[in-house]
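Asker: Submitted below is the structure of interest, expressed as structure tokens.
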Amino acid sequence: MEPRIGVFVCHCGTNIAGVVDVRRVAEAAAAWPDVVYATEYKFMCSDPGQGMVKDAIVKHNLTRVVVAACSPRMHEPTFRKACAMAGLNPYLFEMANIREHCSWVHEDKEAATLKAIDIVRTSVAKARLLEPLQARVVSVTPKVLVVGGGVAGIQAALDIANAGTKVVLVERSQSIGGHMAQLDKTFPTLDCSACILTPKMVQVAQHPNIDLMTWSEVESVEGFVGNFKVKIRRKARYVDEATCTSCGVCLEKCPKKVPSEFDEGMMTRKSIFRSFPQAVPGKPVIDKESCTYFKNGKCKICEIFCEPKAIRWDDEDRVVEESVGAIIVATGMGLIDPHGLGQWGYGRFPNVLTGLEFERLNNATGPTGGRITCKDGSTPKSVAILHCVGSRDRNHKEYCSRVCCMYALKFAHLIKEKTHATVYNFYIDMRCFGKGYEEFYNRLLHEGVKFIRGKAAYVTNQALTDEETGHLVVSAESTTLGQVLRVPVDMVILASAVAPQKDAEAVARLFGMGRSPDGFFMEKHPKLEPFSTATDGVYLAGSCQSPKDIPDTVAHGAAAASTAMSLISRGTVEVEAAVAEVLTDSCSGCKICQDVCPYGALSFHADTRVAEINGSVCKGCGTCVATCPSGAIVGRHFNDRQILAQIDAAFLW
Amino acid sequence: MSHEFEPRIVVLCCNWCTYAGADLAGTSRMKYAPNVRLVRVMCSGRVDPSFVLRAFQDGADGVLIAGCHPGDCHYINGNLKTLRRYPALETLIAQFGIEPDRMRLEWISAAEGDVFVHVVNEMTEQVRALGPLDWKRRTAMTVPAAESHTAG
């Protein structure tokens, strides 16, 4: 039976119709073989638009449907569903992208209209050869992996666990808490960061549905939405968690000191350590790299003093496998390496600090017990906070780091409160966009903090006047005064740029995610799905997607959790029907397909001596189809005939 | 006087990176030459060399194969299969007398709308400079020659 094709051309308001002559497109389509119905409408995706498709399927007995509108990424699911509702197999639907690929990228109306006609003809050519397929439904493993134990991961893990679903929370450092645990106060409320975070950390530790794996890293991910197999390396802790009582005697007795990562290297920790006093879990681990016993074979002082006998020198890394239905990546952010920012004096002058270093300096558990002092112990009389160090700067990071303006205001307040020093903010623009942020800025304006509208050019110790002698000098052009200023200060704080984690590239590959040009993980849609990735079942939470402050991070974590939960609660998921199929009659049994399949979906059947495909492992990439020298593998929904027909129809040759 | 030659370029692109990159060029309202027609496959690894030859045979003046950057393939490494197949394809089209600049392999990610625009514009001008491929006329001329050779 000849196919009966219906073509529906969308105006998308003026998005398409403003450039493409949609009526001409529909009229052209009406004249093609097998097209029995062609029309155009203002918004095909609207209820009436979908209704037109459904009605036409019934009225004109359509066996294929082509909608020429936006990218299939936007509305392919909408129209597949509309077709299915009218009794047409959803795989007999084809979308022609005349918006993103045509009307939005061309100005010449004639050329765009001709191109749109070509695009629709290409889709009709494929539609003519489409075959009905049945989507396979597979069950979803009711467990979620959350990667990263910062506040985003904590929020996501708690939300899922509270919904009654099991969670595996993997964190690579000794404790959960992330960057938020390092902060002293939070803007704009000046809440103590640890005071609001630690209750959540404890909830994680106590939650019966959360399996917390710190000091662990995800090693490999296999499978697909609803059915991932994840290998997690649980690094040797050398401390038996069941026996250890967290008494902390080992932490005092261990003779080996190394710079503390948690304290940004401003303090030391021991080789046996917990990241910070409120760490969760509170049981320490031994860092093998620095431990004297592992280096020299001598010491074991921790073991001598450990009353419950919890030290295990023979502990080894273990790789555990977990089956999960969904994955939430919450691996957080890094900071730009300040050593590359020499003009602002970092690494050259001891009293030039990064924002995170200042957080530790100001914290009660930090190197000075919370007193704001210069390196020589004196209290600074003046402090400069330099905004946009590496952010909004084409030489470093083009984007705004989104947290610095506000933490700079917070610092200014805390410095004034604790030291009464004069505080200068060197800024480009004040970006105080969140709830209560502008109000906080106004409060600071009245607290006598000095705001200089101009990005600091450099920091030097080369005094030009007596007033500058013995001080750091910040040079900037005040764009309000139109004057270059030199401001002598005792301390400089750099609001250095937020950056992707150093291993973001490897992590993106591990979970099959993309990255945007800024290096952060790429979301499925920047507005409508900022918590999903292009890989079904893998979601994003927090600042691994883009720089975020705490409220946004928490909201993002909760959003990722609810998206993952809607998959888990559904219990089943439809997976790709467009997979490969072996034509056993044509297969010569050469096994070449086995070598190219990245998933091991193809095997050689010993009895029939032909290739066999495991449909639930195949993801439909089609590499075997292109490789098979006998043409014995068919890529469903993208078969040779369909693709060649599209090429033939691509232009009016 | 006849109007300027407009190259016809077929783009065989993967669903996950390049097709999405072209979508991004659209949502960003970037402008590029209207000389390309996209044929979407799920992975650049699906690009059978015969697709390229078919496009030339149909009358294409250029063919662009585009997929995810090596290491970023949605299907782990399908693009590497394309990369390995590509030199053979280059040799093949050279044997047909097709200029190498008429075919390109590019890695364009979903975030690289600007790269898509650049590649399309550059390739359009490259192919424009080469002039029409005119495959049908070329093959029409060679066929009798081959016949006479056989006869001889």
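Residue numbers start at 1 in each chain; chains themselves are named A, B, ... in the order of the structure tokens; ligands are numbered from 1 in the order shown.
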Mind checking which residues fall within 7 Å of range 643-647 of chain A, counting only C-alpha atoms, ignoring those fewer than 3 positions away in the same chain, and posting them as a list of chain:residue names?
Answerer: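 Everything that qualifies: A:Thr122, A:Ser123, A:Ala125, A:Lys126, A:Phe638, A:Asn639, A:Asp640, A:Ala650, B:Val39, B:Phe51, B:Ala55.
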Asker: Quick check: residues of chain B within 7 Å of chain A, only C-alpha atoms, returned as a list of chain:residue names.
Answerer: B:Ala22, B:Asp23, B:Gly26, B:Thr27, B:Arg29, B:Met30, B:Lys31, B:Tyr32, B:Pro34, B:Arg37, B:Val39, B:Val41, B:Met42, B:Cys43, B:Gly45, B:Arg46, B:Val47, B:Asp48, B:Phe51, B:Ala55, B:Asp58, B:Gly59, B:Asp72, B:His74, B:Tyr75, B:Ile76, B:Asn77, B:Gly78, B:Ala111
Asker: Contacts of Ile550 in chain A at 8 Å or less, counting only C-alpha atoms, minus same-chain residues fewer than 2 places along, as a ChimeraX atom specification?
Answerer: /A:151,180,548,552-554
Asker: Quick one: DSSP strand (DSSP E) residues in range 3-81 of chain B, as a count of residues only?
Answerer: 18
Asker: List every residue of range 78-152 of chain B that DSSP, applied to the backbone, labels as helix (DSSP H, G or I), and write the result as an MDAnalysis selection string.
Answerer: chainID B and resid 78:95 100:102 113:130 135:151
Asker: So, with only C-alpha atoms as the atoms that count, which of A:Lys109, A:Thr460, A:Asp376, A:Thr480 lies closest to Gly18 in chain A?
Answerer: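 Nearest candidate to Gly18 in chain A out of A:Lys109, A:Thr460, A:Asp376, A:Thr480: A:Lys109.
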Asker: Report as a list of chain:residue names all protein, DNA and RNA residues lying within 8 Å of Asp101 in chain B, evaluated on only C-alpha atoms, omitting residues in the same chain fewer than 6 positions from it.
Answerer: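 Once the adjacent positions are removed, what remains is B:Gly62, B:Gln126, B:Val127.
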Asker: Provide the CA of Pro526 in chain A to CA of Ala135 in chain A distance in Å, to one decimal place.
Answerer: 27.9 Å
Asker: Write out as a list of chain:residue names the residues lying within 9 Å of Gly537 in chain A, counting only C-alpha atoms and excluding same-chain residues fewer than 4 positions away.
Answerer: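 Using only C-alpha atoms, the neighbours found are A:Phe224, A:Val225, A:Gly226, A:Asn227, A:Phe228, A:Gly325, A:Ala326, A:Ile327, A:Ile328, A:Ser532, A:Thr533, A:Ala564, A:Leu567.
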Asker: I'd like the contact shell of Val484 in chain A - 10 Å cut-off, only C-alpha atoms, skipping same-chain residues fewer than 5 positions apart - returned as JSON, numbers by chain.
Answerer: {"A": [454, 457, 475, 476, 477, 478, 479]}
Asker: Excluding same-chain residues fewer than 2 positions from Ile98 in chain B, what lies within 12 Å of it counting only C-alpha atoms, as number ranges by chain?
Answerer: B: 52-53, 56-57, 60-63, 89-96, 100-103, 127, 130-135, 138-139
Asker: Suppose we keep C-alpha atoms; can you now write the selection as a PDB file, in the first residue's frame?
Answerer:
```pdb
ATOM      1  CA  VAL B  52      29.065  10.434   0.728  1.00  0.00           C
ATOM      2  CA  LEU B  53      29.398   8.959  -2.743  1.00  0.00           C
ATOM      3  CA  PHE B  56      28.285  13.518  -4.917  1.00  0.00           C
ATOM      4  CA  GLN B  57      26.543  11.295  -7.417  1.00  0.00           C
ATOM      5  CA  ALA B  60      26.359  17.725  -4.337  1.00  0.00           C
ATOM      6  CA  ASP B  61      29.301  20.096  -4.706  1.00  0.00           C
ATOM      7  CA  GLY B  62      30.516  19.303  -1.200  1.00  0.00           C
ATOM      8  CA  VAL B  63      29.898  16.895   1.651  1.00  0.00           C
ATOM      9  CA  LEU B  89      37.107   7.827   1.848  1.00  0.00           C
ATOM     10  CA  GLU B  90      39.590  10.570   0.936  1.00  0.00           C
ATOM     11  CA  THR B  91      41.533   8.146  -1.237  1.00  0.00           C
ATOM     12  CA  LEU B  92      38.337   6.958  -2.821  1.00  0.00           C
ATOM     13  CA  ILE B  93      37.045  10.388  -3.803  1.00  0.00           C
ATOM     14  CA  ALA B  94      40.496  11.309  -5.084  1.00  0.00           C
ATOM     15  CA  GLN B  95      40.315   8.294  -7.386  1.00  0.00           C
ATOM     16  CA  PHE B  96      37.033   9.622  -8.687  1.00  0.00           C
ATOM     17  CA  PRO B 100      39.778  16.904  -1.543  1.00  0.00           C
ATOM     18  CA  ASP B 101      38.376  20.283  -0.445  1.00  0.00           C
ATOM     19  CA  ARG B 102      34.902  19.157  -1.407  1.00  0.00           C
ATOM     20  CA  MET B 103      34.750  16.848   1.590  1.00  0.00           C
ATOM     21  CA  VAL B 127      33.488  24.948  -2.583  1.00  0.00           C
ATOM     22  CA  LEU B 130      36.219  25.271  -6.726  1.00  0.00           C
ATOM     23  CA  GLY B 131      33.107  25.739  -8.840  1.00  0.00           C
ATOM     24  CA  PRO B 132      30.445  23.136  -9.549  1.00  0.00           C
ATOM     25  CA  LEU B 133      31.495  19.502  -9.254  1.00  0.00           C
ATOM     26  CA  ASP B 134      29.242  18.647 -12.151  1.00  0.00           C
ATOM     27  CA  TRP B 135      29.604  14.960 -11.448  1.00  0.00           C
ATOM     28  CA  ARG B 138      32.229  14.423 -15.688  1.00  0.00           C
ATOM     29  CA  THR B 139      31.070  10.829 -15.522  1.00  0.00           C
TER      30      THR B 139
END
```
Asker: With distances taken over only C-alpha atoms, which of A:Tyr91, A:Trp215, A:Tyr399, A:Tyr437 is nearest to Val280 in chain A?
Answerer: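 Using only C-alpha atoms, Val280 in chain A sits closest to A:Trp215.
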